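Participant: So that you have it, the file is my_file.csv, and it contains CSV, N, CA and C atoms:
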```csv
chain,number,residue,atom,x,y,z
A,1,MET,N,-1.2,63.4,63.8
A,1,MET,CA,-1.1,64.1,62.5
A,1,MET,C,0.3,63.7,61.8
A,2,LYS,N,0.1,63.3,60.6
A,2,LYS,CA,1.3,62.8,59.8
A,2,LYS,C,1.8,64.0,58.9
A,3,ILE,N,3.1,64.3,59.0
A,3,ILE,CA,3.6,65.4,58.2
A,3,ILE,C,4.7,64.9,57.3
A,4,LEU,N,4.7,65.4,56.1
A,4,LEU,CA,5.7,65.0,55.1
A,4,LEU,C,6.6,66.3,54.9
A,5,VAL,N,7.9,66.1,55.1
A,5,VAL,CA,8.9,67.1,54.9
A,5,VAL,C,9.7,66.8,53.7
A,6,VAL,N,9.7,67.7,52.7
A,6,VAL,CA,10.4,67.4,51.4
A,6,VAL,C,11.5,68.5,51.2
A,7,ASP,N,12.7,68.1,51.2
A,7,ASP,CA,13.8,69.0,51.0
A,7,ASP,C,15.0,68.2,50.6
A,8,ASP,N,15.8,68.7,49.7
A,8,ASP,CA,17.0,68.0,49.2
A,8,ASP,C,18.1,68.1,50.2
A,9,SER,N,18.0,69.1,51.2
A,9,SER,CA,19.0,69.2,52.2
A,9,SER,C,18.7,68.4,53.4
A,10,ALA,N,19.5,67.4,53.7
A,10,ALA,CA,19.3,66.5,54.9
A,10,ALA,C,19.3,67.4,56.2
A,11,THR,N,20.2,68.4,56.2
A,11,THR,CA,20.4,69.2,57.4
A,11,THR,C,19.1,70.0,57.6
A,12,MET,N,18.5,70.6,56.5
A,12,MET,CA,17.2,71.3,56.7
A,12,MET,C,16.1,70.4,57.1
A,13,ARG,N,16.0,69.2,56.6
A,13,ARG,CA,15.0,68.2,57.0
A,13,ARG,C,15.2,67.9,58.5
A,14,LYS,N,16.4,67.7,58.9
A,14,LYS,CA,16.6,67.4,60.4
A,14,LYS,C,16.2,68.5,61.3
A,15,MET,N,16.5,69.8,60.8
A,15,MET,CA,16.1,70.9,61.6
A,15,MET,C,14.6,71.1,61.7
A,16,ILE,N,13.9,70.8,60.6
A,16,ILE,CA,12.4,70.9,60.6
A,16,ILE,C,11.8,69.8,61.4
A,17,VAL,N,12.3,68.6,61.3
A,17,VAL,CA,11.8,67.5,62.1
A,17,VAL,C,12.0,67.7,63.6
A,18,LYS,N,13.2,68.3,64.0
A,18,LYS,CA,13.5,68.6,65.4
A,18,LYS,C,12.5,69.6,65.9
A,19,THR,N,12.2,70.6,65.1
A,19,THR,CA,11.3,71.7,65.5
A,19,THR,C,9.9,71.1,65.6
A,20,LEU,N,9.5,70.3,64.7
A,20,LEU,CA,8.1,69.7,64.8
A,20,LEU,C,8.0,68.8,66.0
A,21,ALA,N,9.1,68.1,66.4
A,21,ALA,CA,9.1,67.3,67.6
A,21,ALA,C,8.9,68.1,68.9
A,22,GLN,N,9.4,69.3,68.9
A,22,GLN,CA,9.2,70.2,70.0
A,22,GLN,C,7.7,70.4,70.3
A,23,GLU,N,6.9,70.4,69.2
A,23,GLU,CA,5.5,70.6,69.3
A,23,GLU,C,4.7,69.3,69.5
A,24,GLY,N,5.4,68.2,69.6
A,24,GLY,CA,4.8,66.9,69.8
A,24,GLY,C,4.4,66.2,68.5
A,25,TRP,N,4.8,66.8,67.4
A,25,TRP,CA,4.5,66.2,66.1
A,25,TRP,C,5.6,65.3,65.7
A,26,ASN,N,5.5,64.0,66.0
A,26,ASN,CA,6.6,63.1,65.8
A,26,ASN,C,6.3,62.1,64.6
A,27,ASP,N,5.1,62.1,64.1
A,27,ASP,CA,4.8,61.3,62.9
A,27,ASP,C,5.2,62.0,61.6
A,28,VAL,N,6.5,62.0,61.3
A,28,VAL,CA,7.1,62.7,60.2
A,28,VAL,C,7.8,61.8,59.2
A,29,VAL,N,7.4,62.0,58.0
A,29,VAL,CA,8.1,61.3,56.9
A,29,VAL,C,8.9,62.3,56.1
A,30,GLU,N,10.1,61.8,55.7
A,30,GLU,CA,11.0,62.7,55.0
A,30,GLU,C,11.2,62.2,53.5
A,31,ALA,N,11.4,63.2,52.6
A,31,ALA,CA,11.7,62.9,51.2
A,31,ALA,C,12.7,63.9,50.7
A,32,ALA,N,13.6,63.4,49.8
A,32,ALA,CA,14.7,64.3,49.3
A,32,ALA,C,14.3,65.1,48.1
A,33,ASP,N,13.2,64.8,47.5
A,33,ASP,CA,12.8,65.5,46.3
A,33,ASP,C,11.3,65.2,46.0
A,34,GLY,N,10.7,65.9,45.1
A,34,GLY,CA,9.3,65.7,44.8
A,34,GLY,C,8.9,64.3,44.4
A,35,ALA,N,9.7,63.7,43.5
A,35,ALA,CA,9.4,62.4,43.0
A,35,ALA,C,9.4,61.4,44.2
A,36,ASP,N,10.4,61.5,45.1
A,36,ASP,CA,10.5,60.6,46.2
A,36,ASP,C,9.2,60.9,47.1
A,37,ALA,N,8.9,62.1,47.3
A,37,ALA,CA,7.7,62.5,48.1
A,37,ALA,C,6.4,61.9,47.6
A,38,LEU,N,6.3,61.9,46.3
A,38,LEU,CA,5.0,61.4,45.7
A,38,LEU,C,4.7,59.9,46.1
A,39,THR,N,5.8,59.2,46.4
A,39,THR,CA,5.7,57.8,46.8
A,39,THR,C,5.3,57.7,48.3
A,40,LYS,N,5.3,58.8,49.0
A,40,LYS,CA,5.1,58.8,50.5
A,40,LYS,C,3.9,59.6,51.0
A,41,LEU,N,3.0,59.8,50.1
A,41,LEU,CA,1.8,60.7,50.4
A,41,LEU,C,0.7,60.0,51.3
A,42,MET,N,0.7,58.7,51.3
A,42,MET,CA,-0.3,57.9,52.0
A,42,MET,C,-0.5,58.4,53.4
A,43,GLY,N,-1.7,58.9,53.7
A,43,GLY,CA,-2.1,59.3,55.1
A,43,GLY,C,-1.5,60.6,55.6
A,44,VAL,N,-0.9,61.4,54.7
A,44,VAL,CA,-0.3,62.6,55.1
A,44,VAL,C,-1.3,63.7,55.3
A,45,ASP,N,-1.2,64.5,56.4
A,45,ASP,CA,-2.1,65.5,56.8
A,45,ASP,C,-1.6,66.9,56.5
A,46,LEU,N,-0.3,67.0,56.4
A,46,LEU,CA,0.4,68.3,56.1
A,46,LEU,C,1.7,68.1,55.4
A,47,ILE,N,1.9,69.0,54.4
A,47,ILE,CA,3.2,68.9,53.6
A,47,ILE,C,4.0,70.2,53.7
A,48,LEU,N,5.3,70.0,54.0
A,48,LEU,CA,6.2,71.1,54.0
A,48,LEU,C,7.2,70.8,52.9
A,49,THR,N,7.4,71.7,51.9
A,49,THR,CA,8.2,71.4,50.8
A,49,THR,C,9.1,72.5,50.4
A,50,ASP,N,10.3,72.2,50.0
A,50,ASP,CA,11.2,73.2,49.4
A,50,ASP,C,10.8,73.4,48.0
A,51,SER,N,11.3,74.5,47.4
A,51,SER,CA,11.0,74.7,46.0
A,51,SER,C,12.0,74.2,45.0
A,52,ASP,N,13.3,74.4,45.3
A,52,ASP,CA,14.4,74.1,44.4
A,52,ASP,C,15.0,72.7,44.8
A,53,MET,N,14.6,71.7,44.1
A,53,MET,CA,15.2,70.3,44.4
A,53,MET,C,15.5,69.6,43.1
A,54,PRO,N,16.4,68.7,43.1
A,54,PRO,CA,16.7,67.9,41.9
A,54,PRO,C,15.5,66.9,41.6
A,55,VAL,N,15.5,66.3,40.5
A,55,VAL,CA,14.6,65.3,40.0
A,55,VAL,C,13.2,65.9,39.8
A,56,MET,N,12.5,66.4,40.8
A,56,MET,CA,11.2,67.1,40.7
A,56,MET,C,11.2,68.2,41.7
A,57,ASP,N,11.1,69.4,41.2
A,57,ASP,CA,11.1,70.6,42.1
A,57,ASP,C,9.8,70.7,42.9
A,58,GLY,N,9.7,71.6,43.8
A,58,GLY,CA,8.6,71.8,44.7
A,58,GLY,C,7.3,72.2,43.9
A,59,PHE,N,7.5,73.1,42.9
A,59,PHE,CA,6.3,73.5,42.1
A,59,PHE,C,5.6,72.4,41.4
A,60,ASP,N,6.4,71.5,40.7
A,60,ASP,CA,5.8,70.4,40.0
A,60,ASP,C,5.3,69.4,41.0
A,61,PHE,N,5.9,69.2,42.2
A,61,PHE,CA,5.4,68.3,43.2
A,61,PHE,C,4.1,68.8,43.7
A,62,VAL,N,3.9,70.1,44.0
A,62,VAL,CA,2.7,70.6,44.5
A,62,VAL,C,1.6,70.4,43.5
A,63,LYS,N,1.9,70.7,42.2
A,63,LYS,CA,0.9,70.5,41.1
A,63,LYS,C,0.4,69.0,41.1
A,64,ALA,N,1.4,68.1,41.2
A,64,ALA,CA,1.1,66.7,41.2
A,64,ALA,C,0.2,66.3,42.3
A,65,VAL,N,0.5,66.8,43.5
A,65,VAL,CA,-0.3,66.5,44.7
A,65,VAL,C,-1.7,67.0,44.5
A,66,ARG,N,-1.8,68.2,44.0
A,66,ARG,CA,-3.2,68.8,43.8
A,66,ARG,C,-4.0,68.1,42.8
A,67,GLY,N,-3.3,67.3,42.0
A,67,GLY,CA,-4.0,66.5,41.0
A,67,GLY,C,-4.7,65.3,41.5
A,68,TYR,N,-4.3,64.9,42.7
A,68,TYR,CA,-5.0,63.7,43.4
A,68,TYR,C,-6.2,64.3,44.1
A,69,PRO,N,-7.4,63.8,43.8
A,69,PRO,CA,-8.6,64.3,44.5
A,69,PRO,C,-8.6,64.1,46.0
A,70,THR,N,-7.9,63.1,46.5
A,70,THR,CA,-7.9,62.9,47.9
A,70,THR,C,-6.9,63.9,48.6
A,71,MET,N,-6.1,64.5,47.8
A,71,MET,CA,-5.1,65.4,48.4
A,71,MET,C,-5.4,66.9,48.1
A,72,SER,N,-6.5,67.2,47.5
A,72,SER,CA,-6.8,68.5,47.1
A,72,SER,C,-6.9,69.5,48.2
A,73,ALA,N,-7.3,69.1,49.4
A,73,ALA,CA,-7.5,70.0,50.5
A,73,ALA,C,-6.3,69.9,51.5
A,74,THR,N,-5.3,69.0,51.3
A,74,THR,CA,-4.2,68.8,52.2
A,74,THR,C,-3.4,70.1,52.3
A,75,PRO,N,-3.2,70.7,53.5
A,75,PRO,CA,-2.4,71.9,53.6
A,75,PRO,C,-1.0,71.7,53.2
A,76,ILE,N,-0.5,72.6,52.3
A,76,ILE,CA,0.9,72.6,51.9
A,76,ILE,C,1.6,73.9,52.1
A,77,MET,N,2.7,73.9,52.8
A,77,MET,CA,3.5,75.1,53.0
A,77,MET,C,4.8,74.9,52.3
A,78,MET,N,5.2,75.9,51.4
A,78,MET,CA,6.5,75.9,50.8
A,78,MET,C,7.4,76.6,51.7
A,79,VAL,N,8.5,76.0,52.0
A,79,VAL,CA,9.6,76.5,52.9
A,79,VAL,C,10.8,76.7,52.0
A,80,ALA,N,11.0,77.9,51.5
A,80,ALA,CA,12.0,78.1,50.5
A,80,ALA,C,12.6,79.5,50.5
A,81,PRO,N,13.8,79.7,49.9
A,81,PRO,CA,14.3,81.0,49.8
A,81,PRO,C,13.4,81.8,48.8
A,82,ALA,N,13.2,83.1,49.1
A,82,ALA,CA,12.4,83.9,48.2
A,82,ALA,C,13.4,84.6,47.3
A,83,THR,N,13.8,83.9,46.3
A,83,THR,CA,14.7,84.5,45.3
A,83,THR,C,14.1,85.6,44.5
A,84,ALA,N,12.8,85.5,44.3
A,84,ALA,CA,12.0,86.5,43.6
A,84,ALA,C,10.6,86.4,44.0
A,85,GLN,N,9.9,87.6,43.9
A,85,GLN,CA,8.4,87.6,44.2
A,85,GLN,C,7.7,86.6,43.2
A,86,ALA,N,8.2,86.5,42.0
A,86,ALA,CA,7.6,85.6,41.1
A,86,ALA,C,7.6,84.1,41.6
A,87,ASP,N,8.6,83.7,42.4
A,87,ASP,CA,8.6,82.4,42.9
A,87,ASP,C,7.4,82.2,43.9
A,88,VAL,N,7.2,83.2,44.7
A,88,VAL,CA,6.1,83.1,45.7
A,88,VAL,C,4.8,83.1,45.0
A,89,ILE,N,4.6,83.9,43.9
A,89,ILE,CA,3.4,83.9,43.1
A,89,ILE,C,3.2,82.5,42.4
A,90,GLU,N,4.3,82.0,41.9
A,90,GLU,CA,4.2,80.6,41.2
A,90,GLU,C,3.8,79.6,42.2
A,91,ALA,N,4.4,79.6,43.4
A,91,ALA,CA,4.0,78.7,44.5
A,91,ALA,C,2.5,78.7,44.8
A,92,LEU,N,2.0,79.9,45.0
A,92,LEU,CA,0.6,80.1,45.3
A,92,LEU,C,-0.3,79.6,44.1
A,93,LYS,N,0.1,79.9,42.9
A,93,LYS,CA,-0.6,79.4,41.7
A,93,LYS,C,-0.6,77.9,41.6
A,94,SER,N,0.5,77.3,42.0
A,94,SER,CA,0.6,75.8,41.9
A,94,SER,C,-0.2,75.1,43.0
A,95,GLY,N,-0.7,75.8,44.0
A,95,GLY,CA,-1.5,75.2,45.0
A,95,GLY,C,-1.0,75.2,46.4
A,96,VAL,N,0.0,76.0,46.7
A,96,VAL,CA,0.6,76.1,48.0
A,96,VAL,C,-0.4,77.0,48.9
A,97,ASN,N,-0.6,76.6,50.1
A,97,ASN,CA,-1.4,77.4,51.0
A,97,ASN,C,-0.7,78.5,51.8
A,98,GLU,N,0.6,78.2,52.0
A,98,GLU,CA,1.4,79.1,52.8
A,98,GLU,C,2.9,79.1,52.2
A,99,TYR,N,3.6,80.2,52.4
A,99,TYR,CA,5.0,80.3,52.0
A,99,TYR,C,5.8,80.9,53.1
A,100,LEU,N,6.8,80.1,53.5
A,100,LEU,CA,7.7,80.6,54.6
A,100,LEU,C,9.1,80.8,54.0
A,101,ILE,N,9.7,81.9,54.1
A,101,ILE,CA,11.0,82.3,53.6
A,101,ILE,C,12.1,81.8,54.4
A,102,LYS,N,13.1,81.1,53.8
A,102,LYS,CA,14.3,80.7,54.5
A,102,LYS,C,15.3,81.8,54.5
A,103,PRO,N,16.1,82.0,55.5
A,103,PRO,CA,16.1,81.3,56.7
A,103,PRO,C,14.9,81.8,57.6
A,104,PHE,N,14.6,80.9,58.5
A,104,PHE,CA,13.5,81.2,59.4
A,104,PHE,C,13.8,80.6,60.8
A,105,SER,N,13.1,81.1,61.8
A,105,SER,CA,13.3,80.6,63.2
A,105,SER,C,12.3,79.5,63.5
A,106,ALA,N,12.6,78.6,64.5
A,106,ALA,CA,11.7,77.6,64.9
A,106,ALA,C,10.4,78.1,65.3
A,107,PRO,N,10.3,79.2,66.1
A,107,PRO,CA,9.0,79.8,66.5
A,107,PRO,C,8.2,80.2,65.2
A,108,ASP,N,8.9,80.8,64.2
A,108,ASP,CA,8.2,81.3,63.0
A,108,ASP,C,7.6,80.1,62.3
A,109,LEU,N,8.3,79.0,62.2
A,109,LEU,CA,7.8,77.8,61.5
A,109,LEU,C,6.6,77.2,62.2
A,110,LEU,N,6.7,77.1,63.5
A,110,LEU,CA,5.6,76.6,64.3
A,110,LEU,C,4.3,77.5,64.2
A,111,GLU,N,4.5,78.8,64.3
A,111,GLU,CA,3.4,79.7,64.2
A,111,GLU,C,2.7,79.6,62.9
A,112,ARG,N,3.5,79.5,61.8
A,112,ARG,CA,2.9,79.4,60.4
A,112,ARG,C,2.2,78.1,60.3
A,113,ILE,N,2.7,77.0,60.8
A,113,ILE,CA,2.0,75.7,60.7
A,113,ILE,C,0.7,75.8,61.5
A,114,ARG,N,0.7,76.4,62.7
A,114,ARG,CA,-0.5,76.5,63.5
A,114,ARG,C,-1.6,77.3,62.7
A,115,MET,N,-1.2,78.4,62.1
A,115,MET,CA,-2.1,79.3,61.4
A,115,MET,C,-2.6,78.5,60.2
A,116,LEU,N,-1.8,77.8,59.5
A,116,LEU,CA,-2.2,77.0,58.3
A,116,LEU,C,-3.2,75.9,58.7
A,117,LEU,N,-2.9,75.2,59.8
A,117,LEU,CA,-3.8,74.2,60.2
A,117,LEU,C,-5.2,74.8,60.7
A,118,GLU,N,-5.1,75.9,61.3
A,118,GLU,CA,-6.4,76.5,61.8
A,118,GLU,C,-7.2,76.9,60.5
A,119,LYS,N,-6.6,77.5,59.5
A,119,LYS,CA,-7.3,77.9,58.3
A,119,LYS,C,-7.9,76.7,57.6
A,120,SER,N,-7.1,75.6,57.6
A,120,SER,CA,-7.6,74.4,56.9
A,120,SER,C,-8.8,73.7,57.6
A,121,THR,N,-9.0,74.0,58.8
A,121,THR,CA,-10.1,73.4,59.5
A,121,THR,C,-11.4,74.2,59.5
A,122,HIS,N,-11.3,75.4,58.9
A,122,HIS,CA,-12.5,76.3,58.8
A,122,HIS,C,-13.1,76.3,57.5
```
Using structure tokens, write down the structure from this file.

Facilitator:
Amino acid sequence: MKILVVDDSATMRKMIVKTLAQEGWNDVVEAADGADALTKLMGVDLILTDSDMPVMDGFDFVKAVRGYPTMSATPIMMVAPATAQADVIEALKSGVNEYLIKPFSAPDLLERIRMLLEKSTH
């Protein structure tokens, strides 16, 4: 399974990549913002994205991804601070399947990914 991790914080990306590796998910591509991520979508099975990033934020990135017919069913989890309930609602409206609030623990991240993947196969 190929996973795309999109976050402007290199530290956050490293933490997520390390957590994914614990589960044996080692095919991970990283991007620093939505525009960069759009160039790295080929063959991606799961997307984890932040909301607040320079160049292209997570909301616009998700909308762009959902515009590609081949990516319409790709599971997307937004991993972001919940600054307001409106952000969570906007994320879901833009096409996000799951929302995980920062800060989070590694077990929380893995559990949410497993749930998301299970939902996407049914």

Participant: Kindly indicate which residue among A:Ile16, A:Ala35, A:Ala21, A:Val29 lies nearest to Asp60 (chain A), using all atoms listed in the file for the distances.

Facilitator: A:Ala35

Participant: Write down as a list in words the residues of region 24-62 of chain A whose backbone DSSP state falls under strand (DSSP E or B).

Facilitator: Val28, Val29, Glu30, Ala31, Leu46, Ile47, Leu48 and Thr49 of chain A

Participant: Taking (13.3, 79.2, 48.6) in the file's own coordinates, collect the residues within 10 Å, counting only C-alpha atoms, and hand them back as a PyMOL selection string.

Facilitator: chain A and resi 49-52+58+78-84+87-88+99-103

Participant: Quote the spacing between CA of Lys40 (chain A) and atom C of Ile3 (chain A) in Å to one decimal place.

Facilitator: 9.1 Å

Participant: From a DSSP pass on the backbone, collect the residues of region 6-99 of chain A flagged as alpha helix (DSSP H) and hand them back as number ranges by chain.

Facilitator: A: 10-22, 34-38, 58-66, 85-94

Participant: Go through A:Gly24, A:Pro75, A:Gly95, A:Gly43 one by one, measure the shortest atom-to-atom distance of each to Phe59 (chain A) using only C-alpha atoms, and give the residue with the smallest value.

Facilitator: A:Gly95

Participant: Have a look at A:Lys63, A:Lys2, A:Arg13, A:Arg112 and name the one nearest to Lys93 (chain A); count all atoms listed in the file.

Facilitator: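 Of A:Lys63, A:Lys2, A:Arg13, A:Arg112, the one nearest Lys93 (chain A) is A:Lys63, counting all atoms listed in the file.
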
Participant: One decimal, Å: what's the distance from atom N of Ile89 (chain A) over to CA of Ala10 (chain A), could you say?

Facilitator: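 Separation between atom N of Ile89 (chain A) and CA of Ala10 (chain A): 25.3 Å.
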
Participant: Separation of CA of Tyr68 (chain A) and CA of Glu30 (chain A), in Å?

Facilitator: 19.8 Å

Participant: With distances taken over all atoms listed in the file, which residue among A:Leu4, A:Ala106, A:Ile76, A:Leu46 lies nearest Val28 (chain A)?

Facilitator: A:Leu4

Participant: Padding 8 Å on every side, please: axis-aligned box over the listed atoms of region 93-103 of chain A, centre and edge lengths to one decimal in Å, as lines of an AutoDock Vina configuration file.

Facilitator:
```
center_x = 7.3
center_y = 78.7
center_z = 49.6
size_x = 33.6
size_y = 23.2
size_z = 32.0
```

Participant: Between A:Ile113, A:Met56, A:Ile47, A:Ala31, which has the minimum distance to Val96 (chain A) (counting only C-alpha atoms)?

Facilitator: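 Between A:Ile113, A:Met56, A:Ile47, A:Ala31, the residue approaching Val96 (chain A) most closely is A:Ile47.
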